[in-house]
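*Asks:* Got a structure here, written out as structure tokens. Questions coming.
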Amino acid sequence: MHLLEDPPRFLFFTGKGGVGKTSLSCAVAIRLARQGQRVLLVSTDPASNVAQVFAQPIGNTITRITGVTGLAALEIDPQAAAQAYRDRIVGPVRGVLPLDVVAGIEEQLSGACTTEIAAFDEFTALLTDPSLVGEYEHIIFDTAPTGHTIRLLQLPGAWSGFIDSNPEGSSCLGPLAGLEKQRQRYADAVTELSDPARTRLVLVARANTGALDEAARTHEELAAIGLARQYLVINGLMPETEAAVDDLAASLRRRERAALALMPDALKVLPVDQVTLRGQELMGIDALSRLLDPDTAPPGGHDARSVEAYDLPRLSTLVDDIAAAGHGLVMMMGKGGVGKTTIAAAVAVALAERGLPVHLTTSDPAAHLTDTLAGSLDTLKVSRIDPRVEIARYSDHVMATKGANLDAQGRAALLEDLRSPCTEEIAVFQAFSRIIREARHTFVIMDTAPTGHTLLLLDATGAYHRDATRHLPANMHVTTPMMQLQDPTQTKVVIVTLAETTPVLEAAALQADLERAGIAPWAWVINNSLAAAETSSPLLRRRAAHELEQIGRIRDQHAHRLALVPVQHREPVGITALSELGAPRPALAGR
């Protein structure tokens, strides 16, 4: 494998949840340790299951891995790191500033930006600790801070002073408070990450268009700040042997080949390794030891045990409930790569085919919604909000208001902050709020993923609006966009996920964020489920069996309403395919 050729001291695995970067980083750690190297594996993944993988407790202390000489591991809890980070910043002002001001600071520090920076803070301490680094030939990081975070930590200027003089902030300024003392350490860490002789950055992706596009964006974001020497691992590829014996496996393999043929040019120039799909759960040293080998069959041959089909509703059941209201706002939310664009399009098509007026809108910068539909219906209106246009509009407004009285350094800092993902969420959501009013007389289906933190920031605007109109006549009612989202009679929020451990954990975290913002998700959709599909592939049937635990967890612990969408033989693109996705479940022929 290219990845294992002359590996440097630091190996850094990055990728979206569910692509398999934890399994890969663990497998690489085992391989290097068994070659006689001293290896430390560090995870800062919020959904880390390294302890489960090795079947032993690890936690926030360096722990020797039983059964692998020379290998130790450490799990950093990003949430605990974020809380400690908040305490360091908020603690000194408690009892000094008014309670409402302190509460505002805490809220500003409650989002994903703070967690990301706090996790970066923890692992840079390891990256730049000479005594620790000297104990190991290789330190492997299983984590995913973005180029945005690293760029923020490179910034010059007195961030704390800027924030002190501008307490309202803008989007992600809050998490940067108090970073001044650590600037040299961050500079040293970025130097290490930028040196290909010291650090190897590994992008992990799956062979589908969305995952590869996301990997390309990550590559470009990191390359823009000097971290251009990267490797790519395409994980979970369907073996040709399975495709030869099963129609579904053959279809999935054809889809993977097509996606790889259209891989973004930015990725084609990277050293690329491919790892085949495994049927068994990647738990335990033996399973991980085989992950990097070309042989795909586990010892003992194929396990063709029967897979129990959950008697859960299909997407058509949710469409029935949505249609019964006659109009309303339906928001599809979820992490990247779970297929929420496809689900949004399928729901919109199903409603339009009933003759109902539907407005389907998205903020997808690559306009994948249009590609997914690949057609039109008489009662279906489609629009796309251009994030670049909305960011420019929002940024111009902020610079003209908050930035009007700042000096050059302050304006530069504010402008840098406005390049954050938080800014995009807020700007796009403000554009969506202009469309929300349509939901009073039609169906509006939104393909977007604003987090609960963003919604809480937007609610501050709503609170200001309500306060400003408090003295209006009693018979005059004002409804803000945020108030409409919080009203279950007007808005249905649908969380889309996959029946895999990491995506389910991330979806549960999203639900918690939404509930903190006063929004109760209406339903969950489990997409691309093998447990709901018909297959004779032994490998796919084993994977289907492993889905059942996650499906049960969603059903019993998270979702008030749930729909299961099977893996499709063909890519769900075009009106006909989307219509089939939202059609009632056919009778099972027996499993």
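Residues are referred to by chain and number: the chain letter is A, B, ... according to the order shown in the structure tokens, the number counts from 1 in that chain, and ligands are numbered separately from 1 in the order shown.
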I want to know what sits within 7 Å of Leu201 of chain A, based on only C-alpha atoms, with residues of the same chain fewer than 6 positions away left out; could you give that as a count of residues only?
*Replies:* 5
*Asks:* In segment 212-342 of chain A, what's alpha helix (DSSP H) per DSSP? Answer as an NGL selection string?
*Replies:* :A and (212-223 or 240-243 or 247-261 or 265-268 or 285-290 or 315-324 or 340-342)
*Asks:* May I have the residues within 12 Å of Arg278 of chain A as a PyMOL selection string, using only C-alpha atoms and disregarding those fewer than 4 positions away in the same chain?
*Replies:* chain A and resi 20+23+235-239+242+282-283+287-288+290-298+302+538-544+546
*Asks:* Save the residues we just selected, N, CA and C atoms, as a compact mmCIF listing (two decimals), in the first residue's frame?
*Replies:*
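So the final result, stored in again_22.txt, reads:
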```txt
# COMPACT_ATOMS: atom_id res chain seq x y z
N GLY A 20 -14.89 4.91 7.88
CA GLY A 20 -14.00 3.84 8.32
C GLY A 20 -12.61 4.28 8.72
N SER A 23 -11.23 2.37 11.88
CA SER A 23 -10.78 1.01 11.57
C SER A 23 -9.44 1.04 10.84
N ASN A 235 -12.29 3.33 0.85
CA ASN A 235 -12.61 2.23 1.76
C ASN A 235 -13.94 1.57 1.38
N GLY A 236 -14.07 0.29 1.73
CA GLY A 236 -15.35 -0.40 1.62
C GLY A 236 -15.79 -0.73 0.20
N LEU A 237 -14.85 -1.12 -0.67
CA LEU A 237 -15.19 -1.44 -2.06
C LEU A 237 -15.76 -2.85 -2.18
N MET A 238 -16.81 -2.99 -2.98
CA MET A 238 -17.46 -4.28 -3.17
C MET A 238 -16.52 -5.25 -3.90
N PRO A 239 -16.25 -6.44 -3.32
CA PRO A 239 -15.37 -7.41 -3.99
C PRO A 239 -16.02 -7.95 -5.27
N GLU A 242 -18.17 -11.19 -4.89
CA GLU A 242 -19.56 -11.07 -4.45
C GLU A 242 -20.45 -10.59 -5.59
N LEU A 282 -15.62 -4.90 12.21
CA LEU A 282 -14.18 -4.77 12.40
C LEU A 282 -13.88 -4.51 13.86
N MET A 283 -14.05 -5.55 14.66
CA MET A 283 -13.77 -5.50 16.09
C MET A 283 -12.73 -6.57 16.42
N ALA A 287 -9.41 -9.28 13.36
CA ALA A 287 -10.14 -8.70 12.23
C ALA A 287 -9.40 -7.50 11.66
N LEU A 288 -8.88 -6.64 12.53
CA LEU A 288 -8.16 -5.46 12.07
C LEU A 288 -6.84 -5.82 11.41
N ARG A 290 -6.32 -8.18 9.43
CA ARG A 290 -6.57 -8.62 8.06
C ARG A 290 -7.10 -7.50 7.16
N LEU A 291 -7.44 -6.35 7.74
CA LEU A 291 -8.11 -5.31 6.97
C LEU A 291 -7.27 -4.81 5.80
N LEU A 292 -5.97 -4.71 5.97
CA LEU A 292 -5.10 -4.17 4.93
C LEU A 292 -4.62 -5.23 3.95
N ASP A 293 -5.02 -6.48 4.17
CA ASP A 293 -4.63 -7.56 3.26
C ASP A 293 -5.60 -7.65 2.09
N PRO A 294 -5.16 -8.15 0.94
CA PRO A 294 -6.05 -8.24 -0.22
C PRO A 294 -7.14 -9.30 -0.08
N ASP A 295 -6.93 -10.34 0.74
CA ASP A 295 -7.92 -11.41 0.89
C ASP A 295 -9.16 -10.87 1.59
N THR A 296 -10.33 -11.02 0.97
CA THR A 296 -11.56 -10.45 1.54
C THR A 296 -12.37 -11.44 2.34
N ALA A 297 -12.09 -12.72 2.22
CA ALA A 297 -12.93 -13.72 2.89
C ALA A 297 -12.42 -14.00 4.29
N PRO A 298 -13.25 -13.92 5.33
CA PRO A 298 -12.82 -14.25 6.68
C PRO A 298 -12.63 -15.75 6.82
N HIS A 302 -18.03 -18.34 4.00
CA HIS A 302 -19.15 -17.40 4.06
C HIS A 302 -20.17 -17.82 5.10
N PRO A 538 -23.53 -13.51 0.56
CA PRO A 538 -23.19 -13.82 1.96
C PRO A 538 -22.59 -12.62 2.69
N LEU A 539 -21.73 -11.86 1.99
CA LEU A 539 -21.10 -10.70 2.62
C LEU A 539 -22.15 -9.65 2.98
N LEU A 540 -23.06 -9.35 2.05
CA LEU A 540 -24.08 -8.33 2.33
C LEU A 540 -25.05 -8.79 3.40
N ARG A 541 -25.33 -10.09 3.47
CA ARG A 541 -26.24 -10.58 4.50
C ARG A 541 -25.60 -10.49 5.88
N ARG A 542 -24.29 -10.69 5.95
CA ARG A 542 -23.61 -10.50 7.24
C ARG A 542 -23.66 -9.03 7.66
N ARG A 543 -23.43 -8.14 6.69
CA ARG A 543 -23.49 -6.71 7.01
C ARG A 543 -24.91 -6.30 7.42
N ALA A 544 -25.91 -6.89 6.76
CA ALA A 544 -27.30 -6.59 7.12
C ALA A 544 -27.58 -6.98 8.56
N HIS A 546 -25.50 -6.98 10.98
CA HIS A 546 -24.86 -6.01 11.87
C HIS A 546 -25.63 -4.70 11.96
```
*Asks:* Which polymer residues have any atom within 9 Å of an atom of Ile140 of chain A, counting only C-alpha atoms, with same-chain residues fewer than 3 positions away left out, as a list of chain:residue names?
*Replies:* A:Arg9, A:Phe10, A:Leu11, A:Phe12, A:Phe13, A:Ser25, A:Cys26, A:Val28, A:Ala29, A:Val39, A:Leu40, A:Leu41, A:Val42, A:Ser43
*Asks:* Next, write the just-selected residues to a file, as a CSV table (one decimal), in the first residue's frame, keeping all heavy atoms as the atom set.
*Replies:*
```
chain,number,residue,atom,x,y,z
A,9,ARG,N,6.9,9.9,11.1
A,9,ARG,CA,6.5,9.8,12.5
A,9,ARG,C,5.1,10.0,12.8
A,9,ARG,O,4.4,9.2,13.5
A,9,ARG,CB,7.3,10.8,13.3
A,9,ARG,CG,7.1,10.6,14.9
A,9,ARG,CD,7.9,11.6,15.7
A,9,ARG,NE,9.3,11.4,15.5
A,9,ARG,CZ,10.0,10.5,16.3
A,9,ARG,NH1,9.4,9.8,17.2
A,9,ARG,NH2,11.3,10.4,16.1
A,10,PHE,N,4.4,11.0,12.1
A,10,PHE,CA,3.0,11.3,12.4
A,10,PHE,C,2.2,10.9,11.2
A,10,PHE,O,2.5,11.2,10.0
A,10,PHE,CB,2.8,12.8,12.6
A,10,PHE,CG,3.6,13.3,13.8
A,10,PHE,CD1,4.7,14.2,13.6
A,10,PHE,CD2,3.4,12.9,15.1
A,10,PHE,CE1,5.4,14.7,14.6
A,10,PHE,CE2,4.1,13.4,16.2
A,10,PHE,CZ,5.1,14.3,15.9
A,11,LEU,N,1.1,10.1,11.4
A,11,LEU,CA,0.1,9.8,10.4
A,11,LEU,C,-1.2,10.3,10.9
A,11,LEU,O,-1.6,10.0,12.0
A,11,LEU,CB,0.0,8.3,10.2
A,11,LEU,CG,1.3,7.7,9.5
A,11,LEU,CD1,2.2,7.0,10.5
A,11,LEU,CD2,0.8,6.7,8.4
A,12,PHE,N,-1.9,11.1,10.0
A,12,PHE,CA,-3.0,11.8,10.4
A,12,PHE,C,-4.2,11.4,9.5
A,12,PHE,O,-4.2,11.7,8.3
A,12,PHE,CB,-2.7,13.3,10.3
A,12,PHE,CG,-3.7,14.3,10.6
A,12,PHE,CD1,-3.9,14.8,11.9
A,12,PHE,CD2,-4.6,14.7,9.6
A,12,PHE,CE1,-4.9,15.7,12.2
A,12,PHE,CE2,-5.6,15.7,9.9
A,12,PHE,CZ,-5.7,16.2,11.2
A,13,PHE,N,-5.2,10.7,10.1
A,13,PHE,CA,-6.3,10.2,9.3
A,13,PHE,C,-7.5,11.2,9.5
A,13,PHE,O,-7.9,11.6,10.6
A,13,PHE,CB,-6.8,8.9,9.8
A,13,PHE,CG,-5.8,7.8,9.4
A,13,PHE,CD1,-4.7,7.5,10.1
A,13,PHE,CD2,-6.1,7.0,8.3
A,13,PHE,CE1,-3.8,6.5,9.7
A,13,PHE,CE2,-5.3,5.9,7.9
A,13,PHE,CZ,-4.1,5.7,8.6
A,25,SER,N,-7.1,3.5,10.9
A,25,SER,CA,-6.0,3.9,11.7
A,25,SER,C,-5.6,2.9,12.7
A,25,SER,O,-4.4,2.7,13.0
A,25,SER,CB,-6.4,5.2,12.4
A,25,SER,OG,-7.6,5.0,13.2
A,26,CYS,N,-6.6,2.1,13.2
A,26,CYS,CA,-6.2,1.0,14.1
A,26,CYS,C,-5.5,-0.1,13.4
A,26,CYS,O,-4.5,-0.7,13.9
A,26,CYS,CB,-7.5,0.4,14.7
A,26,CYS,SG,-8.4,1.4,15.9
A,28,VAL,N,-3.6,0.2,10.7
A,28,VAL,CA,-2.2,0.7,10.4
A,28,VAL,C,-1.4,0.7,11.7
A,28,VAL,O,-0.2,0.3,11.6
A,28,VAL,CB,-2.3,2.1,9.8
A,28,VAL,CG1,-0.9,2.8,9.8
A,28,VAL,CG2,-2.9,2.1,8.4
A,29,ALA,N,-1.9,1.1,12.8
A,29,ALA,CA,-1.2,1.0,14.1
A,29,ALA,C,-0.7,-0.4,14.4
A,29,ALA,O,0.4,-0.6,14.8
A,29,ALA,CB,-2.1,1.6,15.2
A,39,VAL,N,4.4,2.5,18.8
A,39,VAL,CA,3.3,3.2,18.1
A,39,VAL,C,2.3,3.7,19.2
A,39,VAL,O,1.9,2.9,20.1
A,39,VAL,CB,2.6,2.4,17.1
A,39,VAL,CG1,1.4,3.2,16.4
A,39,VAL,CG2,3.5,1.8,16.1
A,40,LEU,N,1.9,5.0,19.1
A,40,LEU,CA,0.8,5.5,19.9
A,40,LEU,C,-0.3,5.9,19.0
A,40,LEU,O,-0.2,6.6,18.0
A,40,LEU,CB,1.3,6.8,20.6
A,40,LEU,CG,0.2,7.5,21.5
A,40,LEU,CD1,-0.3,6.6,22.6
A,40,LEU,CD2,0.8,8.8,22.0
A,41,LEU,N,-1.5,5.4,19.3
A,41,LEU,CA,-2.7,5.7,18.5
A,41,LEU,C,-3.6,6.7,19.4
A,41,LEU,O,-3.9,6.4,20.5
A,41,LEU,CB,-3.5,4.4,18.3
A,41,LEU,CG,-4.9,4.6,17.6
A,41,LEU,CD1,-4.8,5.2,16.2
A,41,LEU,CD2,-5.6,3.3,17.6
A,42,VAL,N,-3.9,7.8,18.8
A,42,VAL,CA,-4.6,8.9,19.5
A,42,VAL,C,-5.9,9.2,18.8
A,42,VAL,O,-5.9,9.5,17.6
A,42,VAL,CB,-3.8,10.2,19.6
A,42,VAL,CG1,-4.6,11.3,20.3
A,42,VAL,CG2,-2.5,9.9,20.2
A,43,SER,N,-7.0,9.1,19.5
A,43,SER,CA,-8.3,9.4,18.9
A,43,SER,C,-8.9,10.6,19.5
A,43,SER,O,-9.0,10.7,20.7
A,43,SER,CB,-9.3,8.2,19.0
A,43,SER,OG,-10.6,8.5,18.5
```
*Asks:* Can you tell me how far atom CA of Ile30 of chain A sits from atom CA of Arg206 of chain A, in Å to one decimal?
*Replies:*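 About the pair atom CA of Ile30 of chain A and atom CA of Arg206 of chain A: they are 22.3 Å apart.
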*Asks:* Can you work out which one of A:Lys21, A:Arg34, A:Arg561, A:Arg217 has the shortest atom-to-atom distance to Phe141 of chain A, counting only C-alpha atoms?
*Replies:*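 Of all the options, A:Lys21 lies closest to Phe141 of chain A.
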*Asks:* Extract, using only C-alpha atoms, all DNA, RNA and protein residues at most 8 Å from Val496 of chain A, discarding same-chain residues fewer than 4 positions from it, and format them as an MDAnalysis selection string.
*Replies:* chainID A and resid 332:335 338:340 343 507 524:527
*Asks:* Determine the nearest neighbour of Arg440 of chain A from the options A:His359, A:His558, A:Arg31, A:Arg200, counting only C-alpha atoms.
*Replies:* A:His359
*Asks:* With only C-alpha atoms as the basis for distance, which of A:Val190, A:Leu418, A:Leu74, A:Val349 is at the shortest distance from Ile225 of chain A?
*Replies:*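 Between A:Val190, A:Leu418, A:Leu74, A:Val349, the residue approaching Ile225 of chain A most closely is A:Val190.
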*Asks:* If you measure from atom CA of Leu3 of chain A to atom CA of Gly70 of chain A, what distance in Å do you get, rounded to one decimal?
*Replies:* 20.1 Å
*Asks:* To one decimal place in Å, what is the distance between atom CA of Gly337 of chain A and atom CA of Ala583 of chain A?
*Replies:* 22.7 Å
*Asks:* Enumerate the residues of segment 379-426 of chain A with a DSSP assignment of strand (DSSP E or B), computed from the backbone, and present them as JSON, numbers by chain.
*Replies:* {"A": [380, 381, 382, 383, 384]}
*Asks:* I'd like to know which of A:Val50, A:Ala324, A:Ala55, A:Leu97 is closest to Asp77 of chain A, using only C-alpha atoms.
*Replies:*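 Ranked by minimum distance to Asp77 of chain A, first place goes to A:Val50.
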